[in-house]
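*Asks:* PDB, C-alpha atoms and all ligand atoms, saved as protein_33.pdb, coming up:
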```
ATOM      1  CA  MET A   1       3.348  41.293  -0.104  1.00  0.00           C
ATOM      2  CA  GLY A   2       0.919  41.745  -3.007  1.00  0.00           C
ATOM      3  CA  ASP A   3      -1.105  38.889  -4.393  1.00  0.00           C
ATOM      4  CA  THR A   4       1.258  36.045  -3.504  1.00  0.00           C
ATOM      5  CA  LEU A   5       0.816  34.212  -0.207  1.00  0.00           C
ATOM      6  CA  LEU A   6       3.363  31.441  -0.651  1.00  0.00           C
ATOM      7  CA  GLU A   7       6.649  31.747  -2.489  1.00  0.00           C
ATOM      8  CA  VAL A   8       8.941  28.724  -2.712  1.00  0.00           C
ATOM      9  CA  ARG A   9      12.280  29.020  -4.500  1.00  0.00           C
ATOM     10  CA  GLY A  10      14.856  26.406  -5.493  1.00  0.00           C
ATOM     11  CA  LEU A  11      13.760  23.954  -2.803  1.00  0.00           C
ATOM     12  CA  GLY A  12      15.966  20.888  -2.390  1.00  0.00           C
ATOM     13  CA  ARG A  13      15.673  18.014   0.090  1.00  0.00           C
ATOM     14  CA  ARG A  14      17.817  14.898   0.052  1.00  0.00           C
ATOM     15  CA  PHE A  15      17.596  11.729   2.113  1.00  0.00           C
ATOM     16  CA  GLU A  16      20.097   8.912   2.661  1.00  0.00           C
ATOM     17  CA  GLU A  17      18.742   5.591   1.503  1.00  0.00           C
ATOM     18  CA  GLY A  18      20.786   2.407   1.814  1.00  0.00           C
ATOM     19  CA  GLY A  19      24.058   4.334   1.748  1.00  0.00           C
ATOM     20  CA  ARG A  20      23.003   6.407  -1.258  1.00  0.00           C
ATOM     21  CA  THR A  21      21.669   9.958  -1.378  1.00  0.00           C
ATOM     22  CA  ARG A  22      18.334  10.533  -3.052  1.00  0.00           C
ATOM     23  CA  ALA A  23      17.117  14.007  -3.997  1.00  0.00           C
ATOM     24  CA  VAL A  24      13.371  13.892  -3.253  1.00  0.00           C
ATOM     25  CA  LEU A  25      12.920  17.589  -4.063  1.00  0.00           C
ATOM     26  CA  ASP A  26      15.323  19.253  -6.465  1.00  0.00           C
ATOM     27  CA  GLY A  27      15.100  22.914  -7.441  1.00  0.00           C
ATOM     28  CA  LEU A  28      11.356  23.134  -6.784  1.00  0.00           C
ATOM     29  CA  ASP A  29       9.575  26.480  -7.290  1.00  0.00           C
ATOM     30  CA  LEU A  30       5.996  27.273  -6.301  1.00  0.00           C
ATOM     31  CA  ASP A  31       3.881  30.434  -6.156  1.00  0.00           C
ATOM     32  CA  VAL A  32       0.404  30.388  -4.625  1.00  0.00           C
ATOM     33  CA  ARG A  33      -1.919  33.383  -4.520  1.00  0.00           C
ATOM     34  CA  HIS A  34      -4.059  34.438  -1.566  1.00  0.00           C
ATOM     35  CA  GLY A  35      -7.292  32.428  -1.456  1.00  0.00           C
ATOM     36  CA  GLU A  36      -6.248  29.916  -4.107  1.00  0.00           C
ATOM     37  CA  CYS A  37      -6.886  26.170  -3.830  1.00  0.00           C
ATOM     38  CA  VAL A  38      -3.967  24.248  -5.353  1.00  0.00           C
ATOM     39  CA  ALA A  39      -3.716  20.463  -5.626  1.00  0.00           C
ATOM     40  CA  LEU A  40      -0.275  18.864  -5.409  1.00  0.00           C
ATOM     41  CA  LEU A  41      -0.650  15.631  -7.307  1.00  0.00           C
ATOM     42  CA  GLY A  42       1.972  12.915  -7.166  1.00  0.00           C
ATOM     43  CA  ARG A  43       2.371   9.174  -6.913  1.00  0.00           C
ATOM     44  CA  SER A  44       3.281   7.582  -3.585  1.00  0.00           C
ATOM     45  CA  GLY A  45       6.847   8.501  -2.620  1.00  0.00           C
ATOM     46  CA  SER A  46       7.061  11.489  -4.972  1.00  0.00           C
ATOM     47  CA  GLY A  47       7.665  13.858  -2.045  1.00  0.00           C
ATOM     48  CA  LYS A  48       4.271  15.456  -1.328  1.00  0.00           C
ATOM     49  CA  SER A  49       4.525  15.114   2.453  1.00  0.00           C
ATOM     50  CA  THR A  50       8.167  16.192   2.347  1.00  0.00           C
ATOM     51  CA  LEU A  51       7.113  19.365   0.528  1.00  0.00           C
ATOM     52  CA  LEU A  52       4.288  20.137   2.984  1.00  0.00           C
ATOM     53  CA  ASN A  53       6.686  19.637   5.918  1.00  0.00           C
ATOM     54  CA  LEU A  54       9.098  22.144   4.370  1.00  0.00           C
ATOM     55  CA  ILE A  55       6.339  24.661   3.667  1.00  0.00           C
ATOM     56  CA  SER A  56       5.149  24.490   7.282  1.00  0.00           C
ATOM     57  CA  GLY A  57       8.696  24.658   8.659  1.00  0.00           C
ATOM     58  CA  ILE A  58       8.439  21.285  10.419  1.00  0.00           C
ATOM     59  CA  ASP A  59      11.456  20.257   8.330  1.00  0.00           C
ATOM     60  CA  LEU A  60      14.224  22.391   6.803  1.00  0.00           C
ATOM     61  CA  PRO A  61      15.455  22.175   3.197  1.00  0.00           C
ATOM     62  CA  ASP A  62      19.007  21.404   2.075  1.00  0.00           C
ATOM     63  CA  GLU A  63      18.641  24.263  -0.407  1.00  0.00           C
ATOM     64  CA  GLY A  64      16.154  26.966  -1.227  1.00  0.00           C
ATOM     65  CA  THR A  65      13.686  29.218   0.579  1.00  0.00           C
ATOM     66  CA  VAL A  66      10.052  29.288   1.697  1.00  0.00           C
ATOM     67  CA  ALA A  67       8.280  32.606   2.330  1.00  0.00           C
ATOM     68  CA  LEU A  68       4.728  32.941   3.598  1.00  0.00           C
ATOM     69  CA  ASP A  69       3.071  36.356   3.366  1.00  0.00           C
ATOM     70  CA  GLY A  70       6.542  37.848   2.902  1.00  0.00           C
ATOM     71  CA  VAL A  71       7.951  36.142   6.035  1.00  0.00           C
ATOM     72  CA  PRO A  72      11.059  34.070   5.191  1.00  0.00           C
ATOM     73  CA  LEU A  73      10.245  30.889   7.116  1.00  0.00           C
ATOM     74  CA  THR A  74      13.504  29.196   6.196  1.00  0.00           C
ATOM     75  CA  ALA A  75      15.426  32.077   7.835  1.00  0.00           C
ATOM     76  CA  LEU A  76      13.641  31.790  11.211  1.00  0.00           C
ATOM     77  CA  ASP A  77      14.929  29.722  14.111  1.00  0.00           C
ATOM     78  CA  GLU A  78      12.954  26.712  15.331  1.00  0.00           C
ATOM     79  CA  ARG A  79      11.057  28.545  18.061  1.00  0.00           C
ATOM     80  CA  GLU A  80      10.064  31.358  15.691  1.00  0.00           C
ATOM     81  CA  ARG A  81       8.930  28.820  13.093  1.00  0.00           C
ATOM     82  CA  THR A  82       6.826  27.002  15.692  1.00  0.00           C
ATOM     83  CA  LEU A  83       5.081  30.201  16.820  1.00  0.00           C
ATOM     84  CA  PHE A  84       4.521  31.277  13.214  1.00  0.00           C
ATOM     85  CA  ARG A  85       3.116  27.852  12.264  1.00  0.00           C
ATOM     86  CA  ARG A  86       0.677  27.828  15.200  1.00  0.00           C
ATOM     87  CA  ARG A  87      -0.761  31.181  14.178  1.00  0.00           C
ATOM     88  CA  HIS A  88      -0.754  31.049  10.420  1.00  0.00           C
ATOM     89  CA  ILE A  89      -1.047  27.413   9.293  1.00  0.00           C
ATOM     90  CA  GLY A  90      -3.715  24.726   9.732  1.00  0.00           C
ATOM     91  CA  PHE A  91      -3.283  20.993   9.033  1.00  0.00           C
ATOM     92  CA  VAL A  92      -5.533  18.147   7.981  1.00  0.00           C
ATOM     93  CA  TYR A  93      -3.929  14.685   7.784  1.00  0.00           C
ATOM     94  CA  GLN A  94      -4.928  11.354   6.266  1.00  0.00           C
ATOM     95  CA  PHE A  95      -5.165   9.691   9.694  1.00  0.00           C
ATOM     96  CA  PHE A  96      -6.835  12.681  11.414  1.00  0.00           C
ATOM     97  CA  HIS A  97      -4.290  12.958  14.275  1.00  0.00           C
ATOM     98  CA  LEU A  98      -6.903  13.782  16.894  1.00  0.00           C
ATOM     99  CA  ILE A  99      -5.746  13.456  20.497  1.00  0.00           C
ATOM    100  CA  PRO A 100      -7.543  10.366  21.845  1.00  0.00           C
ATOM    101  CA  THR A 101      -7.614  11.470  25.496  1.00  0.00           C
ATOM    102  CA  LEU A 102      -9.288  14.799  24.692  1.00  0.00           C
ATOM    103  CA  THR A 103     -12.957  15.267  23.808  1.00  0.00           C
ATOM    104  CA  VAL A 104     -14.068  16.586  20.435  1.00  0.00           C
ATOM    105  CA  GLU A 105     -14.535  20.034  21.984  1.00  0.00           C
ATOM    106  CA  GLU A 106     -11.065  19.973  23.584  1.00  0.00           C
ATOM    107  CA  ASN A 107      -9.420  18.830  20.350  1.00  0.00           C
ATOM    108  CA  VAL A 108     -10.945  21.712  18.413  1.00  0.00           C
ATOM    109  CA  ARG A 109     -10.021  24.252  21.124  1.00  0.00           C
ATOM    110  CA  LEU A 110      -6.342  23.216  21.105  1.00  0.00           C
ATOM    111  CA  PRO A 111      -5.071  25.743  18.500  1.00  0.00           C
ATOM    112  CA  LEU A 112      -6.723  28.592  20.448  1.00  0.00           C
ATOM    113  CA  GLU A 113      -5.080  27.430  23.674  1.00  0.00           C
ATOM    114  CA  LEU A 114      -1.658  27.115  22.057  1.00  0.00           C
ATOM    115  CA  ASN A 115      -2.013  30.651  20.731  1.00  0.00           C
ATOM    116  CA  GLY A 116      -3.449  32.026  23.994  1.00  0.00           C
ATOM    117  CA  GLU A 117      -6.663  33.109  22.256  1.00  0.00           C
ATOM    118  CA  PRO A 118     -10.104  33.167  23.937  1.00  0.00           C
ATOM    119  CA  ASP A 119     -12.775  30.734  22.754  1.00  0.00           C
ATOM    120  CA  GLY A 120     -15.533  33.317  22.326  1.00  0.00           C
ATOM    121  CA  GLY A 121     -18.024  30.630  21.304  1.00  0.00           C
ATOM    122  CA  ARG A 122     -15.873  29.621  18.355  1.00  0.00           C
ATOM    123  CA  VAL A 123     -15.501  25.944  19.288  1.00  0.00           C
ATOM    124  CA  SER A 124     -19.227  25.244  19.301  1.00  0.00           C
ATOM    125  CA  GLY A 125     -19.658  27.427  16.191  1.00  0.00           C
ATOM    126  CA  TRP A 126     -17.078  25.410  14.293  1.00  0.00           C
ATOM    127  CA  LEU A 127     -18.523  22.100  15.402  1.00  0.00           C
ATOM    128  CA  GLU A 128     -21.916  23.289  14.132  1.00  0.00           C
ATOM    129  CA  ALA A 129     -20.260  24.262  10.847  1.00  0.00           C
ATOM    130  CA  VAL A 130     -18.932  20.718  10.327  1.00  0.00           C
ATOM    131  CA  GLY A 131     -22.235  19.137  11.385  1.00  0.00           C
ATOM    132  CA  LEU A 132     -21.100  17.867  14.788  1.00  0.00           C
ATOM    133  CA  GLY A 133     -22.728  20.365  17.120  1.00  0.00           C
ATOM    134  CA  ASP A 134     -24.171  17.553  19.216  1.00  0.00           C
ATOM    135  CA  ARG A 135     -20.877  15.644  19.693  1.00  0.00           C
ATOM    136  CA  LEU A 136     -18.846  18.110  21.759  1.00  0.00           C
ATOM    137  CA  ALA A 137     -18.380  15.742  24.708  1.00  0.00           C
ATOM    138  CA  SER A 138     -17.587  12.626  22.640  1.00  0.00           C
ATOM    139  CA  PHE A 139     -14.119  11.117  22.479  1.00  0.00           C
ATOM    140  CA  PRO A 140     -12.613  10.631  18.996  1.00  0.00           C
ATOM    141  CA  ASP A 141     -12.804   6.821  19.074  1.00  0.00           C
ATOM    142  CA  ARG A 142     -16.612   7.065  19.352  1.00  0.00           C
ATOM    143  CA  LEU A 143     -16.804   8.829  15.988  1.00  0.00           C
ATOM    144  CA  SER A 144     -16.782   7.408  12.474  1.00  0.00           C
ATOM    145  CA  ALA A 145     -13.766   8.102  10.258  1.00  0.00           C
ATOM    146  CA  GLY A 146     -15.667  10.799   8.369  1.00  0.00           C
ATOM    147  CA  GLU A 147     -16.758  12.444  11.613  1.00  0.00           C
ATOM    148  CA  GLN A 148     -13.194  12.391  12.921  1.00  0.00           C
ATOM    149  CA  GLN A 149     -12.003  14.159   9.796  1.00  0.00           C
ATOM    150  CA  ARG A 150     -14.741  16.770  10.249  1.00  0.00           C
ATOM    151  CA  VAL A 151     -13.403  17.439  13.756  1.00  0.00           C
ATOM    152  CA  ALA A 152      -9.903  17.743  12.283  1.00  0.00           C
ATOM    153  CA  ILE A 153     -11.200  20.268   9.723  1.00  0.00           C
ATOM    154  CA  ALA A 154     -12.739  22.396  12.487  1.00  0.00           C
ATOM    155  CA  ARG A 155      -9.477  22.205  14.429  1.00  0.00           C
ATOM    156  CA  ALA A 156      -7.461  23.171  11.346  1.00  0.00           C
ATOM    157  CA  LEU A 157      -9.475  26.323  10.649  1.00  0.00           C
ATOM    158  CA  ILE A 158     -10.573  27.631  14.056  1.00  0.00           C
ATOM    159  CA  HIS A 159      -7.587  29.976  14.502  1.00  0.00           C
ATOM    160  CA  LYS A 160      -8.166  31.475  11.042  1.00  0.00           C
ATOM    161  CA  PRO A 161      -4.919  30.387   9.397  1.00  0.00           C
ATOM    162  CA  GLY A 162      -3.928  32.009   6.112  1.00  0.00           C
ATOM    163  CA  LEU A 163      -2.700  28.655   4.814  1.00  0.00           C
ATOM    164  CA  LEU A 164      -4.390  25.281   5.170  1.00  0.00           C
ATOM    165  CA  LEU A 165      -2.285  22.196   4.359  1.00  0.00           C
ATOM    166  CA  ALA A 166      -4.170  18.961   3.682  1.00  0.00           C
ATOM    167  CA  ASP A 167      -2.198  15.737   3.169  1.00  0.00           C
ATOM    168  CA  GLU A 168      -4.398  13.031   1.558  1.00  0.00           C
ATOM    169  CA  PRO A 169      -7.399  14.245   3.591  1.00  0.00           C
ATOM    170  CA  THR A 170      -9.727  11.638   2.076  1.00  0.00           C
ATOM    171  CA  GLY A 171      -7.174   8.811   1.887  1.00  0.00           C
ATOM    172  CA  ASN A 172      -8.676   6.943   4.818  1.00  0.00           C
ATOM    173  CA  LEU A 173     -12.351   7.447   3.886  1.00  0.00           C
ATOM    174  CA  ASP A 174     -14.707   5.527   1.598  1.00  0.00           C
ATOM    175  CA  ALA A 175     -15.496   7.180  -1.728  1.00  0.00           C
ATOM    176  CA  GLU A 176     -18.813   8.792  -0.782  1.00  0.00           C
ATOM    177  CA  THR A 177     -17.625  10.020   2.642  1.00  0.00           C
ATOM    178  CA  GLY A 178     -14.456  11.261   0.975  1.00  0.00           C
ATOM    179  CA  ARG A 179     -16.438  13.349  -1.516  1.00  0.00           C
ATOM    180  CA  ARG A 180     -18.498  14.940   1.249  1.00  0.00           C
ATOM    181  CA  VAL A 181     -15.500  15.654   3.461  1.00  0.00           C
ATOM    182  CA  LEU A 182     -13.600  17.148   0.522  1.00  0.00           C
ATOM    183  CA  ALA A 183     -16.530  19.413  -0.361  1.00  0.00           C
ATOM    184  CA  LEU A 184     -16.722  20.522   3.287  1.00  0.00           C
ATOM    185  CA  LEU A 185     -12.980  21.169   3.425  1.00  0.00           C
ATOM    186  CA  THR A 186     -12.799  23.211   0.222  1.00  0.00           C
ATOM    187  CA  GLY A 187     -16.055  25.047   1.006  1.00  0.00           C
ATOM    188  CA  LEU A 188     -14.980  26.090   4.509  1.00  0.00           C
ATOM    189  CA  ALA A 189     -11.472  27.054   3.357  1.00  0.00           C
ATOM    190  CA  ARG A 190     -13.079  29.294   0.725  1.00  0.00           C
ATOM    191  CA  ARG A 191     -15.551  30.760   3.228  1.00  0.00           C
ATOM    192  CA  GLU A 192     -12.675  31.619   5.558  1.00  0.00           C
ATOM    193  CA  GLY A 193     -10.520  33.045   2.772  1.00  0.00           C
ATOM    194  CA  ALA A 194      -7.817  30.472   3.555  1.00  0.00           C
ATOM    195  CA  THR A 195      -5.403  29.349   0.866  1.00  0.00           C
ATOM    196  CA  LEU A 196      -5.546  25.570   0.512  1.00  0.00           C
ATOM    197  CA  LEU A 197      -2.739  23.236  -0.535  1.00  0.00           C
ATOM    198  CA  LEU A 198      -4.110  19.763  -1.104  1.00  0.00           C
ATOM    199  CA  ALA A 199      -1.614  16.899  -1.499  1.00  0.00           C
ATOM    200  CA  THR A 200      -3.061  13.783  -3.100  1.00  0.00           C
ATOM    201  CA  HIS A 201      -2.247  10.861  -5.382  1.00  0.00           C
ATOM    202  CA  SER A 202      -5.854  10.922  -6.679  1.00  0.00           C
ATOM    203  CA  LYS A 203      -6.559  12.806  -9.912  1.00  0.00           C
ATOM    204  CA  GLN A 204     -10.227  12.836  -8.948  1.00  0.00           C
ATOM    205  CA  VAL A 205      -9.502  14.577  -5.637  1.00  0.00           C
ATOM    206  CA  ALA A 206      -7.147  17.009  -7.391  1.00  0.00           C
ATOM    207  CA  GLU A 207      -9.983  18.017  -9.745  1.00  0.00           C
ATOM    208  CA  SER A 208     -11.667  19.928  -6.924  1.00  0.00           C
ATOM    209  CA  ALA A 209      -8.796  22.463  -6.855  1.00  0.00           C
ATOM    210  CA  ASP A 210      -8.512  25.706  -8.843  1.00  0.00           C
ATOM    211  CA  ARG A 211      -5.127  24.557 -10.141  1.00  0.00           C
ATOM    212  CA  VAL A 212      -3.383  21.188 -10.312  1.00  0.00           C
ATOM    213  CA  LEU A 213       0.402  20.849 -10.091  1.00  0.00           C
ATOM    214  CA  THR A 214       2.106  17.496 -10.478  1.00  0.00           C
ATOM    215  CA  LEU A 215       5.185  16.549  -8.474  1.00  0.00           C
ATOM    216  CA  ASP A 216       7.547  14.787 -10.810  1.00  0.00           C
ATOM    217  CA  ARG A 217      11.261  14.119 -10.309  1.00  0.00           C
ATOM    218  CA  GLY A 218      11.518  16.641  -7.531  1.00  0.00           C
ATOM    219  CA  ARG A 219       9.752  19.549  -9.243  1.00  0.00           C
ATOM    220  CA  LEU A 220       6.228  20.777  -9.853  1.00  0.00           C
ATOM    221  CA  VAL A 221       4.792  20.879 -13.363  1.00  0.00           C
ATOM    222  CA  GLU A 222       1.411  22.190 -14.551  1.00  0.00           C
ATOM    223  CA  ARG A 223      -1.181  19.437 -15.043  1.00  0.00           C
ATOM    224  CA  GLY A 224       1.072  16.608 -16.233  1.00  0.00           C
ATOM    225  CA  GLU A 225      -1.629  14.523 -17.921  1.00  0.00           C
ATOM    226  CA  ASP A 226       1.113  13.229 -20.179  1.00  0.00           C
ATOM    227  CA  LEU A 227       3.207  11.797 -17.357  1.00  0.00           C
ATOM    228  CA  ALA A 228       3.708   8.062 -17.504  1.00  0.00           C
ATOM    229  CA  TRP A 229       2.390   7.209 -14.041  1.00  0.00           C
TER     230      TRP A 229
HETATM  231  N1  LIG B   1      12.944  11.543   7.168  1.00  0.00           N
HETATM  232  C1  LIG B   1      13.192  10.795   6.093  1.00  0.00           C
HETATM  233  N2  LIG B   1      14.301  10.029   6.012  1.00  0.00           N
HETATM  234  C2  LIG B   1      14.568   9.293   4.912  1.00  0.00           C
HETATM  235  N3  LIG B   1      13.789   9.232   3.821  1.00  0.00           N
HETATM  236  C3  LIG B   1      12.660   9.966   3.841  1.00  0.00           C
HETATM  237  C4  LIG B   1      12.307  10.782   4.974  1.00  0.00           C
HETATM  238  N4  LIG B   1      11.121  11.397   4.697  1.00  0.00           N
HETATM  239  C5  LIG B   1      10.775  10.997   3.460  1.00  0.00           C
HETATM  240  N5  LIG B   1      11.692  10.147   2.959  1.00  0.00           N
HETATM  241  C6  LIG B   1      11.649   9.523   1.621  1.00  0.00           C
HETATM  242  O1  LIG B   1      11.327  10.534   0.682  1.00  0.00           O
HETATM  243  C7  LIG B   1      10.454  10.027  -0.323  1.00  0.00           C
HETATM  244  C8  LIG B   1       9.215  10.891  -0.413  1.00  0.00           C
HETATM  245  O2  LIG B   1       8.407  10.685   0.735  1.00  0.00           O
HETATM  246  P1  LIG B   1       7.034  11.470   0.983  1.00  0.00           P
HETATM  247  O3  LIG B   1       6.442  10.917   2.231  1.00  0.00           O
HETATM  248  O4  LIG B   1       7.299  12.910   0.922  1.00  0.00           O
HETATM  249  O5  LIG B   1       6.206  11.042  -0.293  1.00  0.00           O
HETATM  250  P2  LIG B   1       4.641  11.205  -0.583  1.00  0.00           P
HETATM  251  O6  LIG B   1       4.539  11.684  -1.982  1.00  0.00           O
HETATM  252  O7  LIG B   1       4.020  12.031   0.484  1.00  0.00           O
HETATM  253  O8  LIG B   1       4.163   9.718  -0.502  1.00  0.00           O
HETATM  254  P3  LIG B   1       2.783   9.098   0.086  1.00  0.00           P
HETATM  255  O9  LIG B   1       1.709   9.572  -0.843  1.00  0.00           O
HETATM  256  O10 LIG B   1       3.031   7.626   0.017  1.00  0.00           O
HETATM  257  O11 LIG B   1       2.650   9.624   1.485  1.00  0.00           O
HETATM  258  C9  LIG B   1      10.199   8.578   0.028  1.00  0.00           C
HETATM  259  O12 LIG B   1      11.060   7.765  -0.736  1.00  0.00           O
HETATM  260  C10 LIG B   1      10.554   8.495   1.487  1.00  0.00           C
HETATM  261  O13 LIG B   1      11.020   7.222   1.829  1.00  0.00           O
END
```
What would you get if you wrote out this structure as structure tokens?
Ligand SMILES: Nc1ncnc2c1ncn2[C@@H]1O[C@H](COP(=O)(O)OP(=O)(O)OP(=O)(O)O)[C@@H](O)[C@H]1O
*Replies:*
Amino acid sequence: MGDTLLEVRGLGRRFEEGGRTRAVLDGLDLDVRHGECVALLGRSGSGKSTLLNLISGIDLPDEGTVALDGVPLTALDERERTLFRRRHIGFVYQFFHLIPTLTVEENVRLPLELNGEPDGGRVSGWLEAVGLGDRLASFPDRLSAGEQQRVAIARALIHKPGLLLADEPTGNLDAETGRRVLALLTGLARREGATLLLATHSKQVAESADRVLTLDRGRLVERGEDLAW
């Protein structure tokens, strides 16, 4: 297992588009160490979400492998991938993806319930940690966008995942709220020892990571300041 948490090799994913095949990812390699925060920078349509979906096993590649903590995700069947994902991966999305019919408290408890884990005071502890200790009984639509993303951050980390995947986590927030939410996200991921993969089209957001990789023509390159876009 060693130092590497995530090992991606030769990843390829193609989609049909108007009768033609387009390789969105093509021979992509990626190594991420335990506890690292890596930004995946790329313009819209470059394949950031496609890559995150392959890393979490929501989607399967046409070629290549994904291994997390030495477990070959791409070799597991769908049920095994689902169980693995629930235990070891957390998600934060641009549009929060909170369940509107559940309260804040119930939304945050969901990963524990799916994994059959006891609460043990963790839900209220996590809501305190994201500054929403007094909103347990609220429904998501009563919260501001920034507050909703804070709930999503608590939900993403409560089951202590080794890997946290964030897809444009500040894309639906104003600049100041976005900065605060990003600082909370990176700070809590670090506190928990979680490895963070942060997909974004914003160079400014990417700056908060330990390392920035740019997605260009289906592969990841270091920095990429020189890229045309
Ligand atoms: N299931 C699918 N079927 C067909 N094409 C797809 C599918 N998923 C993604 N694509 C295409 O793959 C390309 C990359 O999409 P992806 O959502 O990964 O990009 P992105 O970098 O996350 O973009 P954005 O920042 O706009 O979300 C796009 O051209 C998209 O249309």
*Asks:* Which value, in Å to one decimal, gives the distance between CA of Pro161 in chain A and CA of Phe91 in chain A?
*Replies:* 9.5 Å
*Asks:* Can you sort out the box for range 194-198 of chain A, edges along x, y and z, all listed atoms in, 8 Å on every side, with centre and edge lengths in Å to one decimal, as AutoDock Vina command-line options?
*Replies:*
```
--center_x -5.3 --center_y 25.1 --center_z 1.2 --size_x 21.1 --size_y 26.7 --size_z 20.7
```
*Asks:* Kindly provide, as a list in words, all nucleotide and amino acid residues lying within 7 Å of ligand LIG 1 (chain B), counting all atoms listed in the file.
*Replies:* Phe15, Glu16, Glu17, Val24, Gly42, Arg43, Ser44, Gly45, Ser46, Gly47, Lys48, Ser49, Thr50, Leu51, Thr200 and His201 of chain A
*Asks:* List the neighbours of Ala67 in chain A out to 6 Å using all atoms listed in the file; skip same-chain residues closer than 2 positions along the sequence, and give me the result as a list in words.
*Replies:*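 Surrounding residues, per the criterion: Leu6, Glu7, Gly70, Val71, Pro72 and Leu73 of chain A.
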*Asks:* For the structure provided, state which residues fall under the PyMOL selection byres (((chain A and resi 208-225) around 7) and not hetatm), and present them as a PyMOL selection string.
*Replies:* chain A and resi 24-28+36-42+46+205-207+226-227
*Asks:* Just give me the gap between CA of Val181 in chain A and CA of Arg81 in chain A in Å, one decimal is fine.
*Replies:* 29.4 Å
*Asks:* Run the PyMOL selection byres (((chain A and resi 90) around 12) and not hetatm) against the file shown and list the residues it catches, as a ChimeraX atom specification.
*Replies:* /A:52,55-56,84-89,91-93,108,110-112,152-167,185,189,194-198
*Asks:* Name the residues in contact with Ile99 in chain A at a cut-off of 10 Å, using all atoms listed in the file, excluding same-chain residues fewer than 6 positions from it; report them as a list in words.
*Replies:*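 Neighbouring residues, sequence-local ones excluded: Glu106, Asn107, Val108, Leu110, Phe139, Pro140 and Asp141 of chain A.
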*Asks:* CA of Ala137 in chain A and CA of Leu83 in chain A, how far apart in Å?
*Replies:*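 CA of Leu83 in chain A sits 28.7 Å away from CA of Ala137 in chain A.
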*Asks:* Using all atoms listed in the file, can you tell me which of A:Gly35, A:Asp77, A:Ser202, A:Leu54 comes closest to Leu188 in chain A?
*Replies:*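 Checking each of A:Gly35, A:Asp77, A:Ser202, A:Leu54 against Leu188 in chain A, counting all atoms listed in the file, the winner is A:Gly35.
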*Asks:* Restricting the calculation to all atoms listed in the file: of A:Arg142, A:Arg33, A:Arg13, A:Arg191, which residue gets closest to Pro100 in chain A?
*Replies:*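 The shortest atom-to-atom distance to Pro100 in chain A comes from A:Arg142.
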*Asks:* Which polymer residues have any atom within 10 Å of an atom of Ser124 in chain A, counting all atoms listed in the file, with same-chain residues fewer than 6 positions away left out, as a list in words?
*Replies:*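 Close residues of Ser124 in chain A: Glu105, Val108, Arg109, Leu132, Gly133, Asp134, Arg135, Leu136 and Ala154 of chain A.
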*Asks:* Which residues, written as a PDB file with C-alpha atoms, in the coordinates of the input, have at least one atom at most 9 Å from Phe95 in chain A, with only C-alpha atoms counted and residues fewer than 3 positions away on the same chain left out?
*Replies:*
```pdb
ATOM      1  CA  VAL A  92      -5.533  18.147   7.981  1.00  0.00           C
ATOM      2  CA  LEU A  98      -6.903  13.782  16.894  1.00  0.00           C
ATOM      3  CA  ALA A 145     -13.766   8.102  10.258  1.00  0.00           C
ATOM      4  CA  GLN A 149     -12.003  14.159   9.796  1.00  0.00           C
ATOM      5  CA  GLU A 168      -4.398  13.031   1.558  1.00  0.00           C
ATOM      6  CA  PRO A 169      -7.399  14.245   3.591  1.00  0.00           C
ATOM      7  CA  GLY A 171      -7.174   8.811   1.887  1.00  0.00           C
ATOM      8  CA  ASN A 172      -8.676   6.943   4.818  1.00  0.00           C
TER       9      ASN A 172
END
```
*Asks:* Written as a list in words, which residues does the PyMOL selection byres (((chain A and resi 31) around 9) and not hetatm) give for the file shown?
*Replies:*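 On this input, the PyMOL selection byres (((chain A and resi 31) around 9) and not hetatm) captures Thr4, Leu5, Leu6, Glu7, Val8, Arg9, Asp29, Leu30, Val32 and Arg33 of chain A.
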*Asks:* Using all atoms listed in the file, which residue out of A:Leu68, A:Thr103, A:Pro61, A:Gly12 lies closest to Val123 in chain A?
*Replies:*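 Checking each of A:Leu68, A:Thr103, A:Pro61, A:Gly12 against Val123 in chain A, counting all atoms listed in the file, the winner is A:Thr103.
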*Asks:* Between A:Gln204, A:Thr170, A:Thr82, A:Thr65, single out the one closest to Arg150 in chain A, counting all atoms listed in the file.
*Replies:* A:Thr170
